[in-house]
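Data first, discussion second: the structure below is written as structure tokens.
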Amino acid sequence: MNQVENNNIKREELIAKFKNKIAPSILSCNPLTIGAEISEISSNIEALHIDIMDADFVPNINGSYTIVKAIKEAFPHIFLDVHLMVNKPEKLIDDFINAGADLITLHIESLQHPHRYLNYIKDQGILSGLSLNPGTPVSMTKDLLNATDVLLLMSVNPGFGGQSFIENTFNKIAEAKSLIKDLNTNTLIEIDGGVKSNNAQELWAAGVDVLVAGSAIFGQADPNLELSKLNKIK
């Protein structure tokens, strides 16, 4: 079996591990206690969402490949969903691959050559993700979905946690589902922003494959209880 075949098998395993999951976002953790907060829920999760921000693409700064490396070393069983909300993300891809990312998501708005870098990520044996801001139409992904394992639809404007869900996201989910079906790409749909127990059921019903939840889990009195509520809604 050659390296390409090995990478394809590895990616199929990662897709199966990530599909139909809640991915708690560590953006909502207290930076002083992030390790303890992850540890508290680590036996009840299979994925974590890690936002990387550069205070340029978004009006905030957060994270680096070192946090990804530390989390992977401490919690090797957890799928690490790395979301690069940065300009020129292509300069960071190798750092996050080497740190242990299982999925690297790039913003279509920050790339001149998205197809090139999505395929590059896939060629390394991990999952490629493409993210759209709320104001970016789904139609822009038509020629990119064949290189995209995960389509991340932002349901808030990126840069801060704790924002309210943008209802038009449901229309974008329907558009994305239709396009994925027409192109027969099997791309997963992930939603990030404002996910709570009061909209999770509708999101699952709309055909979403992965839900990112931050303040709905971290910062709550009993994060495992909140996580259980979200999982029961599926």
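Every chain in the structure tokens has a letter given in the order shown (A, B, ...), and although residue numbers restart at 1 in each chain, ligands are simply numbered from 1 in the order shown.
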Counting only C-alpha atoms, which residues in segment 151-226 of chain A sit no more than 6 Å from segment 123-144 of chain A? For each one, give the nearest pair of atoms and the distance in Å, sorted by chain then residue number, as a tab-separated table.
residue	atom	partner	partner_atom	distance
A:Leu151	CA	A:Leu130	CA	5.1
A:Leu152	CA	A:Ser131	CA	4.4
A:Leu153	CA	A:Leu132	CA	5.3
A:Met154	CA	A:Asn133	CA	5.2
Do you know which residues are at most 6 Å from Thr169 of chain A counting only C-alpha atoms, after dropping those on the same chain fewer than 3 positions away, and could you put them as a PyMOL selection string? chain A and resi 155+166+172
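Counting only C-alpha atoms, the residue from A:Ile22, A:Tyr65, A:Asp54, A:Asp102 that sits nearest to Lys88 of chain A is A:Asp54.
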I'd like a table as a Markdown table: residues in segment 25-71 of chain A with an atom no more than 10 Å from segment 215-233 of chain A, each row giving the shortest atom pair and its distance in Å to one decimal, only C-alpha atoms counted, sorted by chain and rising residue number.
| residue | atom | partner | partner_atom | distance |
| --- | --- | --- | --- | --- |
| A:Ser25 | CA | A:Phe218 | CA | 7.9 |
| A:Ile26 | CA | A:Phe218 | CA | 7.5 |
| A:Leu27 | CA | A:Ser215 | CA | 8.4 |
| A:Ser28 | CA | A:Ser215 | CA | 5.4 |
| A:Cys29 | CA | A:Phe218 | CA | 5.7 |
| A:Asn30 | CA | A:Gly219 | CA | 7.8 |
| A:Ile34 | CA | A:Phe218 | CA | 9.6 |
| A:Glu37 | CA | A:Phe218 | CA | 7.3 |
| A:Ile38 | CA | A:Phe218 | CA | 8.8 |
| A:Glu40 | CA | A:Asn224 | CA | 7.7 |
| A:Ile41 | CA | A:Asn224 | CA | 5.9 |
| A:Ser42 | CA | A:Asn224 | CA | 9.4 |
| A:Ser43 | CA | A:Asn224 | CA | 9.5 |
| A:Asn44 | CA | A:Asn224 | CA | 7.4 |
| A:Ile45 | CA | A:Leu227 | CA | 8.5 |
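The smallest atom-to-atom distance between Val212 of chain A and any of A:Thr187, A:Ser197, A:Gln3, A:Ser64, using only C-alpha atoms, is found for A:Ser197.
For segment 201-205 of chain A, the residues within 9 Å (counting only C-alpha atoms, excluding itself and residues fewer than 6 positions away along the chain) are A:Asn20, A:Phe170, A:Ile173, A:Ile191, A:Val195, A:Leu211, A:Leu230, A:Ile233, A:Lys234.
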Selected residues, all heavy atoms, written as a compact mmCIF listing (two decimals), in the first residue's frame, please.
# COMPACT_ATOMS: atom_id res chain seq x y z
N ASN A 20 -21.14 13.64 13.25
CA ASN A 20 -22.19 13.57 14.27
C ASN A 20 -21.67 13.84 15.68
O ASN A 20 -22.11 13.21 16.65
CB ASN A 20 -22.90 12.21 14.24
CG ASN A 20 -23.62 11.98 12.93
OD1 ASN A 20 -24.19 12.90 12.35
ND2 ASN A 20 -23.59 10.74 12.45
N PHE A 170 -29.69 28.82 8.60
CA PHE A 170 -30.50 27.67 8.16
C PHE A 170 -30.66 27.66 6.64
O PHE A 170 -30.66 26.58 6.02
CB PHE A 170 -31.85 27.67 8.86
CG PHE A 170 -31.78 27.21 10.29
CD1 PHE A 170 -31.90 28.12 11.32
CD2 PHE A 170 -31.58 25.88 10.60
CE1 PHE A 170 -31.83 27.71 12.65
CE2 PHE A 170 -31.51 25.45 11.92
CZ PHE A 170 -31.63 26.37 12.94
N ILE A 173 -27.41 26.37 5.25
CA ILE A 173 -27.29 24.92 5.43
C ILE A 173 -28.03 24.19 4.31
O ILE A 173 -27.50 23.24 3.71
CB ILE A 173 -27.85 24.48 6.81
CG1 ILE A 173 -26.98 25.03 7.93
CG2 ILE A 173 -27.94 22.96 6.89
CD1 ILE A 173 -27.62 24.89 9.30
N ILE A 191 -21.22 23.70 11.98
CA ILE A 191 -21.76 25.01 12.34
C ILE A 191 -21.01 25.53 13.57
O ILE A 191 -20.81 24.81 14.55
CB ILE A 191 -23.27 24.93 12.66
CG1 ILE A 191 -24.04 24.47 11.43
CG2 ILE A 191 -23.79 26.27 13.15
CD1 ILE A 191 -23.96 25.40 10.24
N VAL A 195 -24.43 28.18 19.12
CA VAL A 195 -25.09 26.88 19.27
C VAL A 195 -25.45 26.67 20.73
O VAL A 195 -24.60 26.75 21.62
CB VAL A 195 -24.19 25.73 18.78
CG1 VAL A 195 -24.82 24.38 19.10
CG2 VAL A 195 -23.93 25.87 17.28
N LEU A 211 -21.48 20.13 15.40
CA LEU A 211 -21.83 21.39 16.07
C LEU A 211 -20.69 21.83 16.97
O LEU A 211 -20.22 21.06 17.81
CB LEU A 211 -23.11 21.24 16.91
CG LEU A 211 -24.41 20.96 16.17
CD1 LEU A 211 -25.56 20.84 17.17
CD2 LEU A 211 -24.71 22.03 15.14
N LEU A 230 -26.77 18.41 25.17
CA LEU A 230 -26.60 18.61 23.73
C LEU A 230 -26.54 17.27 23.00
O LEU A 230 -27.09 17.13 21.91
CB LEU A 230 -25.34 19.43 23.47
CG LEU A 230 -25.42 20.92 23.79
CD1 LEU A 230 -24.05 21.56 23.69
CD2 LEU A 230 -26.40 21.62 22.85
N ILE A 233 -29.91 15.57 22.45
CA ILE A 233 -30.79 16.22 21.49
C ILE A 233 -30.66 15.60 20.09
O ILE A 233 -31.57 15.68 19.27
CB ILE A 233 -30.51 17.73 21.45
CG1 ILE A 233 -30.98 18.38 22.76
CG2 ILE A 233 -31.18 18.41 20.27
CD1 ILE A 233 -30.55 19.82 22.92
N LYS A 234 -29.54 14.95 19.82
CA LYS A 234 -29.28 14.42 18.48
C LYS A 234 -30.45 13.56 17.97
O LYS A 234 -30.99 12.76 18.72
CB LYS A 234 -28.01 13.55 18.49
CG LYS A 234 -26.73 14.33 18.62
CD LYS A 234 -25.57 13.37 18.57
CE LYS A 234 -24.26 14.03 18.94
NZ LYS A 234 -23.14 13.09 18.96
I need the residues of segment 22-222 of chain A that end up classed as strand (DSSP E) by DSSP on the backbone, written out as number ranges by chain. A: 22-24, 47-54, 61-62, 79-85, 103-107, 127-132, 150-154, 188-192, 210-213
Would you mind exporting C-alpha atoms of the selected residues as a PDB file, in the first residue's frame?
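Final file, selection-v4.pdb:
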ATOM      1  CA  ILE A  22     -20.318  18.066  19.411  1.00  0.00           C
ATOM      2  CA  ALA A  23     -16.972  19.903  19.292  1.00  0.00           C
ATOM      3  CA  PRO A  24     -16.568  22.087  22.404  1.00  0.00           C
ATOM      4  CA  ALA A  47     -13.461  16.361  19.443  1.00  0.00           C
ATOM      5  CA  LEU A  48     -12.329  19.861  20.397  1.00  0.00           C
ATOM      6  CA  HIS A  49     -12.593  23.042  18.348  1.00  0.00           C
ATOM      7  CA  ILE A  50      -9.538  25.303  18.511  1.00  0.00           C
ATOM      8  CA  ASP A  51      -9.770  28.847  17.133  1.00  0.00           C
ATOM      9  CA  ILE A  52      -6.609  30.591  15.995  1.00  0.00           C
ATOM     10  CA  MET A  53      -6.933  34.380  15.554  1.00  0.00           C
ATOM     11  CA  ASP A  54      -4.438  36.986  14.377  1.00  0.00           C
ATOM     12  CA  ILE A  61      -5.964  37.409  18.951  1.00  0.00           C
ATOM     13  CA  ASN A  62      -5.948  33.864  20.243  1.00  0.00           C
ATOM     14  CA  PHE A  79      -9.879  14.860  17.512  1.00  0.00           C
ATOM     15  CA  LEU A  80      -8.412  18.368  17.145  1.00  0.00           C
ATOM     16  CA  ASP A  81     -10.461  20.642  14.904  1.00  0.00           C
ATOM     17  CA  VAL A  82      -8.218  23.652  14.165  1.00  0.00           C
ATOM     18  CA  HIS A  83      -9.922  26.741  12.722  1.00  0.00           C
ATOM     19  CA  LEU A  84      -7.518  29.312  11.253  1.00  0.00           C
ATOM     20  CA  MET A  85      -9.197  32.725  11.409  1.00  0.00           C
ATOM     21  CA  LEU A 103      -8.591  18.949  10.674  1.00  0.00           C
ATOM     22  CA  ILE A 104      -7.375  22.340   9.484  1.00  0.00           C
ATOM     23  CA  THR A 105     -10.046  24.778   8.347  1.00  0.00           C
ATOM     24  CA  LEU A 106      -9.180  27.785   6.219  1.00  0.00           C
ATOM     25  CA  HIS A 107     -11.404  30.788   5.492  1.00  0.00           C
ATOM     26  CA  LEU A 127      -8.944  16.577   6.901  1.00  0.00           C
ATOM     27  CA  SER A 128      -9.322  19.795   4.942  1.00  0.00           C
ATOM     28  CA  GLY A 129     -11.876  22.380   6.001  1.00  0.00           C
ATOM     29  CA  LEU A 130     -13.255  25.469   4.282  1.00  0.00           C
ATOM     30  CA  SER A 131     -15.057  28.151   6.284  1.00  0.00           C
ATOM     31  CA  LEU A 132     -17.518  30.839   5.166  1.00  0.00           C
ATOM     32  CA  VAL A 150     -15.612  19.793   6.087  1.00  0.00           C
ATOM     33  CA  LEU A 151     -17.566  22.936   5.187  1.00  0.00           C
ATOM     34  CA  LEU A 152     -17.710  25.204   8.238  1.00  0.00           C
ATOM     35  CA  LEU A 153     -20.549  27.719   8.126  1.00  0.00           C
ATOM     36  CA  MET A 154     -20.056  30.562  10.578  1.00  0.00           C
ATOM     37  CA  LEU A 188     -19.477  17.276   6.195  1.00  0.00           C
ATOM     38  CA  ILE A 189     -21.272  20.450   7.331  1.00  0.00           C
ATOM     39  CA  GLU A 190     -20.107  22.055  10.571  1.00  0.00           C
ATOM     40  CA  ILE A 191     -21.761  25.010  12.345  1.00  0.00           C
ATOM     41  CA  ASP A 192     -19.861  27.419  14.584  1.00  0.00           C
ATOM     42  CA  VAL A 210     -20.875  18.703  13.537  1.00  0.00           C
ATOM     43  CA  LEU A 211     -21.834  21.392  16.066  1.00  0.00           C
ATOM     44  CA  VAL A 212     -19.275  23.665  17.686  1.00  0.00           C
ATOM     45  CA  ALA A 213     -20.374  24.792  21.157  1.00  0.00           C
TER      46      ALA A 213
END
